[in-house]
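First the structure, in the form of structure tokens, and then the observations on it.
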Amino acid sequence: MTPNRSGTPVPQSSRNAVSGALRPWQRTLYRWLLLPLGVMAANSIYLLAFTRYSAFFMSMLLLHLVLGLLLTVPLFTFVISHARRMFRTRNRRAKVAGLSVATLALLIAATGLIMTWQGATIENRAVYLIHVLAFPAAIIAFILHRRAHSHHMAFRSVLISAVSVAMFLGVMAIYQYLEKPPQRIVNQDGDTQYFPSSAETFDQGLIDPVRLSDNEYCRECHPRTYERWEKSAHRLSSFNNPFYRRSVELTADRVGREKTKWCAGCHDPVVLFSGKMGKATLHEFSYDDFEAQQGLTCMSCHSITQIKDLSGNASYVIEESTQYPFAFSDNKYLREVNKLLIRMEPSLHRKTFMKPFMRTPEFCSTCHKVALLPSFNEYKWLRGQNHYDSWQASGVSGEAVASFYDPPAPRSCRDCHLPAYPAEEFGARDGKLHDHAFPAANTALRFIEGDAEGEQFIRDFLTGAVTVDLFAIRRGGQVLPIGPALPTLHPGETVDVEVVVRTRRLGHSYTNGTADSNETWVSFNAKNADRTLMESGSLGADGRLDQSADRLSQLILDRDSRQMDRRQPTDIHATLYNNSIPPGAARVVHYRFKVPDDAIGSITLKAGVHYRKFSRDFAIFALGPNAPALPVTDLSEDGVTLPVSDSRVADSVASRPTDDVGERANSDPLWLRWNDYGIGLFLQGDLKGAGAAWETTASLAPDQPDGPLNRARALLKEGDFAEAQHALDEAERRHPGWAKTRFFRAMLAKDRGQLETSLEELLVVTKQFPRDRAVWNQVARVQFLLGRFEDALESIDRVFDVDPEDLTGHYTAMLSLKALGRKDEAAVEERWYKYHKDDETAASVMAGYRRDHPFANRESLPVHVHDNVEPVAPPAPDWIREIGPSGYEYQGTVPYGETTLKDDRPPTRQAKRPAD
């Protein structure tokens with residue numbers, strides 16, 4: 001017997017087994033493999049532990065690939081040649097362990113090649129995990145193999161190798177700790193070179209426009225996504241969009257280009273961040289320049305690093321994103337190396353360009369929430385378009401308790417406007433991509449681009465977003481539903497028809513966005529045989545809409561009491577009306593016509609909701625007098641034929657049951673139709689009518705809580721607390737523990753002066769709806785009334801988390817701070833309150849317009865009746881005569897002092913709410 005290194009005797013047979021396990025060339029190859037395998041082990045651990053953007057990391061990533069490829073041939077040469085002995089050995093443990101090493105090595109090589117070719121994507125997560133876990137498993141199997149075969153292991157060598165790897169990783173950890181990320185330079189007063197846009201760059205510097213607009217780089221790996229983006233309104237957001245361009249040109253001529261930076265943070269990021277709108281270059285660049293034709297590029301969204309707050313107006317921070325090496329190289333082989341690195345380690349790419357906040361509605365709010373600033377309009381702060389707040393305050397978000405309807409599950413912006421569809425591409429998940437065509441409502445852009453398929457895609461998306469329902473006729477004090485029974489009409493009768501428009505597949509108000517230029521309306525038609533009894537909401541021969549139509553949009557006036565009809569935002573002064581319908585709500589439109597004395601047979605009623613992206617006049621403004629007629633989308637249409645009796649005297653039976661009502665636009669059960677009708681009346685301020693409608697709802701659906709709960713809403717508004725209590729008790733009986741009932745019960749307790757009870761109920765509601773700012777506002781108000789001013793301020797901070805511009809929040813904060821004697825802070829909140837508060841003198845601007853435009857005046861009234869028998873043709877605006885052959889002609893004038901802008905927003909009070 002011969003002693004081993006530890007002095008323990010080893011049988012001669014065992015020594016022969018050790019020396020006989022490998023041939024001399026195999027032993028040499030084995031020793032040569034140990035060093036690169038050790039390096040590979042250290043390299044693998046480093047890549048797993050210190051994944052980050054750095055030249056060293058990328059070098060190590062390439063080294064991993066190179067080592068893997070170089071080791072494959074000699075390693076498998078050794079394994080295959082040694083395998084023959086393994087199959088013959090009688091040592092079962094050595095055989096199992098050895099074959100495990102070979103199998104795991106094969107798995108490592110195969111999975112590595114798969115990820116090199118297909119990418120270590122989320123779809124290939126299982127492949128990635130096998131690749132990562134197989135390596136330590138192979139090391140363990142190798143140790144067991146050696147132990148099983150030779151009964152000893154060179155642990156000193158193993159220890160030296162392990163210490164070397166640990167020291168290397170320790171050095172890398174120290175380097176990682178000492179390497180500080182770049183710090184963003186925050187401009188304290190917000191008056192950057194990008195103001196009045198709220199956007200900022202990471203270091204307040206400029207961004208290379210070529211890199212910010214290099215969509216072709218993205219296209220190489222994401223061709224299908226690029227193809228869909230090409231068809232989006234984002235692609236045509238800038239001066240490559242004639243409708244937007246003409247509006248900005250008019251604004252620039254009136255107030256100067258400097259102020260149009262207010263638009264640029266969302267519409268023209270390549271222009272803005274490349275410095276083309278800086279003071280030195282403001283009047284040198286052309287709207288036809290390269291930067292002005294890029295639209296909202298891939299990098300414009302995916303290079304955003306932070307959402308500053310939820311005030312919108314491009315409230316984000318953007319950077320020139322870190323790229324993998326050779327991203328913009330002119331050498332095609334180096335570009336292939338770049339793509340190879342991304343495939344091998346896509347997590348950094350994903351973290352850079354798909355940050356978690358990019359999946360949230362708050363990301364969309366940075367541009368889909370807008371306000372006009374005093375330095376922009378030289379007037380005051382005014383709310384512009386606001387998709388975010390209307391979504392957040394609705395049942396669709398799942399964050400608001402007081403909604404009329406809640407969908408089966410909450411939905412966010414991307415569920416509708418970035419839907420998943422089947423497609424294969426690098427980065428696809430479960431064989432699906434998110435549609436970067438961003439389906440929405442702009443049919444005009446696809447139309448003028450000649451993209452019939454894209455236009456139809458948007459039409460299909462819009463259809464059914466709202467429904468129209470010829471709900472009932474009103475006769476005296478009765479409301480007679482149309483269906484399932486049909487009311488009978490009588491010769492000589494004056495008929496009042498109630499039409500209900502209900503928002504369906506919408507997470508925000510209809511209409512929203514450019515609601516002043518969106519042309520959307522309700523049509524109504526009544527016919528007796530071939531004789532038209534009434535027609536409302538049709539287009540004239542010149543393409544203009546009937547003046548007397550019921551409109552679902554806004555009408556905005558300038559300070560001179562003229563309509564703001566060319567999207568010139570600096571002129572906005574007052575809103576004459578806003579007839580948008582909240583999500584999950586309804587609007588009632590009232591029509592009146594007379595049945596002829598000689599009417600016989602039946603009368604057919606038809607109603608519809610229609611949408612055109614821009615009015616005829618705005619199309620001429622953008623494209624010229626010969627502008628094509630923009631497409632009209634019929635969102636919903638309803639029709640019914642009512643019998644006419646032989647007598648002028650009302651029948652004893654007001655409605656006759658029938659199964660032959662035809663296909664209706666609203667197929668909901670009758671109780672839901674009554675509920676919608678009540679919602680529409682309630683939002684118009686007809687509390688008595690709404691209460692009666694909801695009482696009918698409650699009787700038709702005795703198991704549903706909607707009727708009594710909604711009736712309680714109306715009773716609370718009326719101040720009938722006793723009946724409101726009965727209605728809430730009934731809602732609770734039908735749906736025990738419903739948060740909506742609890743909220744309105746809290747409102748009732750507050751109105752009754754039962755403040756402790758109200759606060760207790762409200763705080764329970766906040767547990768289920770922690771981001772409902774309406775509830776937190778009520779909590780703060782009750783806390784203020786109870787004298788708990790510090791608590792009220794903490795609750796107001798919850799409101800400002802959701803909407804830093806909330807008017808009620810600033811008012812309650814002001815009162816609470818004054819009560820606490822914190823005068824300076826109270827003065828700040830008072831400034832914010834006055835800053836956001838409506839201008840009560842703006843009504844004087846409306847007076848002249850109301851007098852000169854009777855149909856617009858009628859439309860502005862909460863409850864009004866459409867009784868014009870025929871459409872009323874509108875006149876062309878005066879400015880139409882000045883339009884050139886291709887639309888508005890840019891003058892390029894430079895107003896005096898245009899580059900003098902001052903951010904006069906009040907300072908922000910620092911929240912003192914304890915961290916959750």
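Chain labels follow the order of the structure tokens: the first chain is A, the next B, and so on; residue numbering restarts at 1 in every chain, and ligands are counted from 1 in their shown order.
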Could you make a table, as CSV, of the residues of range 322-402 of chain A that have an atom within 12 Å of an atom of range 239-261 of chain A, each with its nearest atom pair and distance in Å to one decimal, counting only C-alpha atoms, in chain and number order?
residue,atom,partner,partner_atom,distance
A:Leu372,CA,A:Lys259,CA,11.0
A:Leu373,CA,A:Lys259,CA,10.4
A:Pro374,CA,A:Lys259,CA,11.2
A:Ser375,CA,A:Lys259,CA,8.5
A:Phe376,CA,A:Lys259,CA,6.1
A:Asn377,CA,A:Lys259,CA,8.8
A:Glu378,CA,A:Val255,CA,10.1
Skipping near chain neighbours, those fewer than 2 positions away, what residues fall within 12 Å of Val210 in chain A using only C-alpha atoms, listed as a count of residues only? 21
Nearby residues (only C-alpha atoms) at most 10 Å from Val775 in chain A, same-chain spacing under 4 positions excluded, as an MDAnalysis selection string: chainID A and resid 400:402 743 746:747 762:763 765:766 769:771 779:781 795 798:799
Excluding Val73 in chain A and any residue of its chain fewer than 5 positions from it, enumerate the residues within 12 Å of it, using only C-alpha atoms, and give them as a list in words. Leu29, Leu33, Leu67, Gly68, Phe78, Val79, Ile80, Ser81, Ala105, Leu106 and Ala109 of chain A
Got time to write the residues from that selection, N, CA, C and O atoms, as a CSV table (one decimal), in the first residue's frame?
chain,number,residue,atom,x,y,z
A,29,LEU,N,-5.3,16.8,-21.9
A,29,LEU,CA,-6.4,17.6,-22.3
A,29,LEU,C,-7.2,18.1,-21.1
A,29,LEU,O,-7.7,19.2,-21.0
A,33,LEU,N,-8.1,21.9,-19.9
A,33,LEU,CA,-9.5,22.3,-19.8
A,33,LEU,C,-9.8,23.0,-18.4
A,33,LEU,O,-10.7,23.8,-18.4
A,67,LEU,N,-15.5,31.8,-25.1
A,67,LEU,CA,-15.1,30.6,-24.3
A,67,LEU,C,-16.0,29.4,-24.5
A,67,LEU,O,-15.5,28.3,-24.6
A,68,GLY,N,-17.3,29.7,-24.5
A,68,GLY,CA,-18.2,28.6,-24.7
A,68,GLY,C,-18.0,27.9,-26.0
A,68,GLY,O,-18.0,26.6,-26.1
A,78,PHE,N,-13.2,15.2,-25.2
A,78,PHE,CA,-12.8,14.5,-23.9
A,78,PHE,C,-14.0,13.6,-23.4
A,78,PHE,O,-13.8,12.5,-23.1
A,79,VAL,N,-15.1,14.2,-23.4
A,79,VAL,CA,-16.3,13.5,-22.9
A,79,VAL,C,-16.6,12.2,-23.7
A,79,VAL,O,-16.8,11.1,-23.1
A,80,ILE,N,-16.6,12.4,-25.0
A,80,ILE,CA,-16.9,11.2,-25.9
A,80,ILE,C,-15.9,10.1,-25.8
A,80,ILE,O,-16.2,8.9,-25.7
A,81,SER,N,-14.6,10.6,-25.8
A,81,SER,CA,-13.6,9.5,-25.7
A,81,SER,C,-13.5,8.8,-24.3
A,81,SER,O,-13.2,7.7,-24.2
A,105,ALA,N,-23.4,19.0,-19.6
A,105,ALA,CA,-22.6,19.8,-20.5
A,105,ALA,C,-23.3,20.0,-21.9
A,105,ALA,O,-23.2,21.0,-22.5
A,106,LEU,N,-23.9,18.9,-22.3
A,106,LEU,CA,-24.7,19.0,-23.6
A,106,LEU,C,-25.8,20.0,-23.4
A,106,LEU,O,-26.1,20.8,-24.4
A,109,ALA,N,-24.4,23.6,-23.6
A,109,ALA,CA,-24.0,24.0,-24.9
A,109,ALA,C,-25.3,24.2,-25.8
A,109,ALA,O,-25.4,25.2,-26.5
Shell around Gly477 in chain A at 12 Å using only C-alpha atoms, local window under 5 positions removed, as a list in words: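 So the residues in contact are Asp496, Lys688, Gly689 and Ala692 of chain A.
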Convert the current residue selection to file output with N, CA and C atoms, as an mmCIF file, in the first residue's frame.
data_model
loop_
_atom_site.group_PDB
_atom_site.id
_atom_site.type_symbol
_atom_site.label_atom_id
_atom_site.label_comp_id
_atom_site.auth_asym_id
_atom_site.auth_seq_id
_atom_site.Cartn_x
_atom_site.Cartn_y
_atom_site.Cartn_z
ATOM 1 N N ASP A 496 -92.863 63.754 -27.823
ATOM 2 C CA ASP A 496 -91.535 63.960 -27.208
ATOM 3 C C ASP A 496 -90.827 62.614 -27.153
ATOM 4 N N LYS A 688 -85.642 65.026 -10.083
ATOM 5 C CA LYS A 688 -86.945 64.374 -9.945
ATOM 6 C C LYS A 688 -87.116 63.293 -11.007
ATOM 7 N N GLY A 689 -86.776 63.645 -12.248
ATOM 8 C CA GLY A 689 -86.902 62.663 -13.321
ATOM 9 C C GLY A 689 -85.985 61.479 -13.111
ATOM 10 N N ALA A 692 -87.367 59.193 -10.340
ATOM 11 C CA ALA A 692 -88.497 58.389 -10.807
ATOM 12 C C ALA A 692 -88.010 57.249 -11.696
#
Write out as a PyMOL selection string the set of residues from range 360-580 of chain A that DSSP, computed on the backbone, places in strand (DSSP E). chain A and resi 369-372+382-386+420-422+432-434+466-475+478-481+485-487+494-503+519-528+531-536+550-551+554-557+574-578
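Note that CA of Ala465 in chain A and CA of Tyr510 in chain A are 8.8 Å apart.
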Quick one: residues within 7 Å of Gly584 in chain A, only C-alpha atoms counted, chain neighbours fewer than 3 positions away excluded, as a list in words?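 The contact residues come out as Phe404, Tyr405, Thr503 and Arg504 of chain A.
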Would you put the residues from that selection into a file with all heavy atoms, as an mmCIF file, in the first residue's frame?
data_model
loop_
_atom_site.group_PDB
_atom_site.id
_atom_site.type_symbol
_atom_site.label_atom_id
_atom_site.label_comp_id
_atom_site.auth_asym_id
_atom_site.auth_seq_id
_atom_site.Cartn_x
_atom_site.Cartn_y
_atom_site.Cartn_z
ATOM 1 N N PHE A 404 -71.162 54.780 -11.769
ATOM 2 C CA PHE A 404 -72.466 54.154 -12.007
ATOM 3 C C PHE A 404 -72.310 52.682 -12.367
ATOM 4 O O PHE A 404 -73.106 51.847 -11.950
ATOM 5 C CB PHE A 404 -73.194 54.880 -13.141
ATOM 6 C CG PHE A 404 -73.631 56.280 -12.792
ATOM 7 C CD1 PHE A 404 -72.989 57.380 -13.334
ATOM 8 C CD2 PHE A 404 -74.673 56.491 -11.909
ATOM 9 C CE1 PHE A 404 -73.386 58.666 -13.021
ATOM 10 C CE2 PHE A 404 -75.083 57.774 -11.582
ATOM 11 C CZ PHE A 404 -74.433 58.870 -12.140
ATOM 12 N N TYR A 405 -71.297 52.383 -13.180
ATOM 13 C CA TYR A 405 -71.064 51.002 -13.608
ATOM 14 C C TYR A 405 -69.597 50.650 -13.396
ATOM 15 O O TYR A 405 -68.709 51.504 -13.504
ATOM 16 C CB TYR A 405 -71.393 50.820 -15.096
ATOM 17 C CG TYR A 405 -72.846 50.927 -15.449
ATOM 18 C CD1 TYR A 405 -73.325 52.022 -16.188
ATOM 19 C CD2 TYR A 405 -73.761 49.951 -15.069
ATOM 20 C CE1 TYR A 405 -74.664 52.122 -16.534
ATOM 21 C CE2 TYR A 405 -75.099 50.054 -15.396
ATOM 22 C CZ TYR A 405 -75.549 51.135 -16.135
ATOM 23 O OH TYR A 405 -76.879 51.227 -16.465
ATOM 24 N N THR A 503 -72.136 55.492 -23.026
ATOM 25 C CA THR A 503 -70.750 55.101 -23.298
ATOM 26 C C THR A 503 -70.559 53.644 -22.906
ATOM 27 O O THR A 503 -71.016 53.209 -21.845
ATOM 28 C CB THR A 503 -69.764 55.991 -22.516
ATOM 29 O OG1 THR A 503 -70.168 56.049 -21.151
ATOM 30 C CG2 THR A 503 -69.741 57.399 -23.093
ATOM 31 N N ARG A 504 -69.847 52.906 -23.750
ATOM 32 C CA ARG A 504 -69.679 51.461 -23.526
ATOM 33 C C ARG A 504 -68.210 51.098 -23.316
ATOM 34 O O ARG A 504 -67.730 51.024 -22.210
ATOM 35 C CB ARG A 504 -70.246 50.695 -24.726
ATOM 36 C CG ARG A 504 -71.744 50.897 -24.928
ATOM 37 C CD ARG A 504 -72.547 50.065 -23.949
ATOM 38 N NE ARG A 504 -73.987 50.270 -24.129
ATOM 39 C CZ ARG A 504 -74.916 49.604 -23.474
ATOM 40 N NH1 ARG A 504 -74.578 48.685 -22.606
ATOM 41 N NH2 ARG A 504 -76.196 49.850 -23.681
#
Of A:Met358, A:Val501, A:Cys367, A:Ile448, the one sitting nearest Leu296 in chain A when using only C-alpha atoms is A:Cys367
Long-range neighbours of Leu61 in chain A as a list in words, 8 Å cut-off, only C-alpha atoms, 6 positions minimum in chain: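 Returned residues: Leu47, Leu341, Met344 and Glu345 of chain A.
Ranking A:Asp706, A:Asp389, A:Glu319, A:Asp516 by their shortest atom-to-atom distance to Glu805 in chain A, with only C-alpha atoms included, puts A:Asp389 first.
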Can you list every residue in range 682-816 of chain A that DSSP puts in helix (DSSP H, G or I), as a PyMOL selection string? chain A and resi 682-683+687-700+706-718+721-734+739-751+755-768+773-785+789-802+807-816
Using only C-alpha atoms for the distances, tell me which of A:Gly685, A:Gly450, A:Pro484, A:Pro356 is nearest to Leu861 in chain A.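 Once distances to Leu861 in chain A are computed over only C-alpha atoms, the minimum belongs to A:Gly685.
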Nearest residue to Val466 in chain A out of A:Phe357, A:Pro628, A:Asp634, A:Lys527, using only C-alpha atoms?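 With only C-alpha atoms as the atom set, the closest residue is A:Asp634.
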Point-to-point distance in Å for CA of Pro487 in chain A and CA of Pro643 in chain A: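 Computed distance, CA of Pro643 in chain A to CA of Pro487 in chain A, equals 7.5 Å.
Ranking A:Val127, A:Ala141, A:Ala515, A:Ala586 by their shortest atom-to-atom distance to Leu99 in chain A, with only C-alpha atoms included, puts A:Ala141 first.
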Measuring between only C-alpha atoms, which one of A:Arg502, A:Arg125, A:Lys332, A:His610 shows the shortest distance to Arg459 in chain A? A:His610
